[in-house]
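Okay, final05.txt now, which holds compact mmCIF, C-alpha atoms:
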```
# COMPACT_ATOMS: atom_id res chain seq x y z
CA MET A 167 -27.27 70.39 52.66
CA THR A 168 -25.90 67.14 51.27
CA TYR A 169 -22.60 68.84 50.44
CA LEU A 170 -22.29 70.08 54.03
CA ILE A 171 -22.96 66.61 55.47
CA ILE A 172 -20.38 65.03 53.14
CA LYS A 173 -17.85 67.72 54.04
CA ILE A 174 -18.38 67.19 57.78
CA LEU A 175 -18.01 63.41 57.35
CA HIS A 176 -14.85 64.01 55.36
CA ILE A 177 -13.35 66.32 57.97
CA PHE A 178 -14.08 63.93 60.84
CA SER A 179 -12.77 60.89 59.00
CA VAL A 180 -9.59 62.74 58.00
CA LEU A 181 -9.15 63.86 61.62
CA ILE A 182 -9.39 60.25 62.76
CA TYR A 183 -6.89 59.04 60.14
CA GLY A 184 -4.55 62.00 60.64
CA GLY A 185 -4.78 61.65 64.41
CA PHE A 186 -3.81 58.00 64.13
CA LEU A 187 -0.77 58.92 62.03
CA PHE A 188 0.14 61.74 64.42
CA THR A 189 -0.06 59.42 67.43
CA ASP A 190 1.83 56.65 65.71
CA ASN A 191 4.65 58.83 64.39
CA LEU A 192 5.13 61.36 67.14
CA ILE A 193 3.89 59.85 70.38
CA LEU A 194 4.48 56.11 70.08
CA MET A 195 7.92 56.56 68.54
CA ARG A 196 8.93 58.67 71.53
CA MET A 197 7.52 56.06 73.89
CA GLN A 198 9.67 53.43 72.22
CA LYS A 199 12.77 55.29 73.36
CA LYS A 200 11.57 55.59 76.98
CA LEU A 201 9.84 52.27 77.68
CA SER A 202 11.27 48.80 77.88
CA LYS A 203 10.73 46.58 74.85
CA GLU A 204 8.09 44.50 76.65
CA LYS A 205 6.14 47.53 77.88
CA TYR A 206 6.36 49.23 74.47
CA ASP A 207 5.10 46.06 72.74
CA GLU A 208 2.19 45.95 75.19
CA VAL A 209 1.27 49.61 74.58
CA ARG A 210 1.66 49.16 70.83
CA SER A 211 -0.61 46.10 70.96
CA TYR A 212 -3.35 48.07 72.76
CA PHE A 213 -3.02 50.88 70.26
CA LYS A 214 -3.15 48.49 67.30
CA ASP A 215 -6.22 46.68 68.65
CA PHE A 216 -8.12 49.95 69.09
CA THR A 217 -7.13 51.54 65.80
CA ARG A 218 -7.72 48.41 63.74
CA VAL A 219 -11.45 48.80 64.39
CA LEU A 220 -11.82 52.50 63.66
CA VAL A 221 -9.08 53.81 61.35
CA PRO A 222 -9.71 51.64 58.24
CA LYS A 223 -13.38 52.59 58.24
CA ALA A 224 -12.46 56.26 58.64
CA LEU A 225 -10.04 55.94 55.74
CA VAL A 226 -12.73 54.47 53.47
CA VAL A 227 -15.13 57.27 54.44
CA ALA A 228 -12.38 59.86 53.82
CA VAL A 229 -11.67 58.50 50.33
CA ILE A 230 -15.31 58.20 49.27
CA SER A 231 -16.30 61.59 50.66
CA GLY A 232 -13.15 63.12 49.15
CA ILE A 233 -14.10 61.81 45.72
CA LEU A 234 -17.59 63.28 46.09
CA LEU A 235 -16.21 66.62 47.25
CA PHE A 236 -13.67 66.63 44.40
CA GLN A 237 -16.41 66.00 41.88
CA ASN A 238 -18.46 68.85 43.31
CA SER A 239 -15.60 71.36 43.66
CA PHE A 240 -13.50 70.84 40.52
CA GLY A 241 -15.70 72.78 38.11
CA SER A 242 -15.20 73.08 34.38
CA VAL A 243 -11.88 73.56 32.63
CA GLY A 244 -11.52 77.01 31.12
CA GLU A 245 -10.08 77.99 27.75
CA ASN A 246 -6.64 78.50 29.30
CA GLY A 247 -6.60 75.04 30.87
CA PHE A 248 -6.68 74.21 34.54
CA SER A 249 -6.85 77.02 37.05
CA ASN A 250 -4.41 77.11 39.96
CA PHE A 251 -7.23 75.90 42.21
CA GLN A 252 -7.89 72.91 39.95
CA ILE A 253 -4.20 72.03 39.80
CA LEU A 254 -3.81 72.07 43.58
CA LEU A 255 -7.09 70.20 44.02
CA SER A 256 -5.89 67.56 41.54
CA ILE A 257 -2.59 67.13 43.41
CA LYS A 258 -4.52 66.84 46.66
CA GLY A 259 -6.87 64.29 45.08
CA ILE A 260 -4.02 62.17 43.71
CA LEU A 261 -2.25 62.11 47.09
CA GLY A 262 -5.52 61.25 48.83
CA LEU A 263 -6.30 58.45 46.39
CA TRP A 264 -2.79 57.05 46.81
CA LEU A 265 -3.17 57.08 50.61
CA GLY A 266 -6.59 55.50 50.33
CA ALA A 267 -5.49 52.79 47.89
CA ARG A 268 -2.41 52.00 49.99
CA GLY A 269 -4.42 51.80 53.21
CA ILE A 270 -7.31 49.82 51.76
CA LEU A 271 -5.01 47.29 50.07
CA GLN A 272 -2.98 46.91 53.25
CA VAL A 273 -5.82 46.65 55.76
CA PHE A 274 -8.59 44.90 53.87
CA PHE A 275 -6.58 42.71 51.50
CA GLY A 276 -3.37 42.17 53.48
CA ILE A 277 -1.19 43.45 50.65
CA GLN A 278 1.83 45.05 52.25
CA PRO A 279 3.40 47.99 50.45
CA PHE A 280 6.71 47.19 48.79
CA VAL A 281 8.23 50.48 49.88
CA PHE A 282 7.39 52.96 52.60
CA LYS A 283 6.26 50.34 55.13
CA SER A 284 6.24 52.82 58.00
CA HIS A 285 3.62 55.49 58.60
CA ILE A 286 6.06 58.36 58.15
CA LEU A 287 5.33 58.96 54.44
CA PRO A 288 1.52 58.82 54.87
CA PHE A 289 1.87 61.27 57.77
CA ILE A 290 3.90 63.67 55.61
CA LEU A 291 1.38 63.32 52.78
CA VAL A 292 -1.52 64.10 55.13
CA ILE A 293 0.30 67.24 56.26
CA ILE A 294 0.88 68.22 52.61
CA ILE A 295 -2.81 67.60 51.82
CA VAL A 296 -3.88 69.78 54.76
CA PHE A 297 -1.62 72.62 53.60
CA LEU A 298 -2.84 72.25 50.01
CA SER A 299 -6.44 72.40 51.21
CA GLN A 300 -5.71 75.73 52.87
CA PHE A 301 -3.59 77.26 50.09
CA MET A 302 -5.73 76.29 47.10
CA PHE A 303 -8.42 78.85 47.92
CA TYR A 304 -5.90 81.72 48.01
CA ILE A 305 -3.80 80.93 44.94
```
Starting from the coordinates I provided, produce the structure as structure tokens.
Amino acid sequence: MTYLIIKILHIFSVLIYGGFLFTDNLILMRMQKKLSKEKYDEVRSYFKDFTRVLVPKALVVAVISGILLFQNSFGSVGENGFSNFQILLSIKGILGLWLGARGILQVFFGIQPFVFKSHILPFILVIIIVFLSQFMFYI
């Protein structure tokens, strides 16, 4: 039962974080082309005020629950080394930890990333993580 609760928390927190990235990269960027600079800055300010409350907390929950799910799902290493599932799960875990570390350092400590300052790379990584989470059970 605990595993199911953690998994549901993880899914919802990832949906919140992924939805934020989706909105920021696909919707707001399109609005920037259509709206005046003043109107776009106003919309962006509203979006930033709302997401600043929710998204960092969802990211922390996603990272912590992801670590717990990883620990539960990884299993033991066989005689032949890692299985394909374990390899894909490890790649997914590394990408998730990188996203979490980047987001936590940026939001809670004010440390801006030296490269990849936009949300495009995190959005692409979230998409890759989602695909990995679907493929790893079939490979």
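Counting all atoms listed in the file, the residue from A:Leu255, A:Leu287, A:Ile270, A:Val296 that sits nearest to Ile177 (chain A) is A:Val296.
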Practice task
Would you list the residues near (-14.7, 61.3, 56.5) (no more than 7 Å away, in the coordinates of the file, using only C-alpha atoms) as a ChimeraX atom specification?
Solution key: /A:175-180,224,227-228,231
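Between CA of Leu291 (chain A) and CA of Gly184 (chain A) there is a distance of 9.9 Å.
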Exercise for the section: Give as an NGL selection string every residue, naming chains and numbers as the document does, that has an atom within 12 Å of (-12.6, 49.5, 57.4), counting all atoms listed in the file. Expected result: :A and (179 or 183 or 217-229 or 266 or 269-275)
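Remark: for Leu194 (chain A), the closest of the candidate residues A:Ile230, A:Ser242, A:His285, A:Leu265 is A:His285 (distances computed over all atoms listed in the file).
Closest approach to Phe186 (chain A) among A:Lys214, A:Tyr206, A:Phe303, A:Asn238: A:Lys214, based on all atoms listed in the file.
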What are the centre and the three edge lengths of an axis-aligned box that wraps all atoms of region 237-244 of chain A in the file, given that 4 Å is added to every side, written as lines of an AutoDock Vina configuration file and rounded to one decimal in Å?
```
center_x = -15.0
center_y = 71.5
center_z = 37.4
size_x = 14.9
size_y = 19.0
size_z = 20.5
```
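Our summary of the geometry notes that CA of Ser249 (chain A) is positioned 25.3 Å from CA of Ile290 (chain A).
Of the residues under consideration (A:Arg268, A:Lys258, A:Arg196, A:Lys205), A:Lys258 shows the shortest atom-to-atom contact distance to Phe301 (chain A) when counting all atoms listed in the file.
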Practice task
Would you mind telling me which residue in A:Gly276, A:Trp264, A:Ile172, A:Ile253 lies nearest to Leu298 (chain A) when using all atoms listed in the file?
Solution key: A:Ile253
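Put simply, CA of Tyr304 (chain A) is 23.3 Å away from CA of Leu263 (chain A).
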Exercise for the section: Please identify all polymer residues within 9 Å of Phe240 (chain A), counting only C-alpha atoms, omitting same-chain residues fewer than 2 positions from it, and present them as a PyMOL selection string. Expected result: chain A and resi 235-238+242-243+251-252+255-256
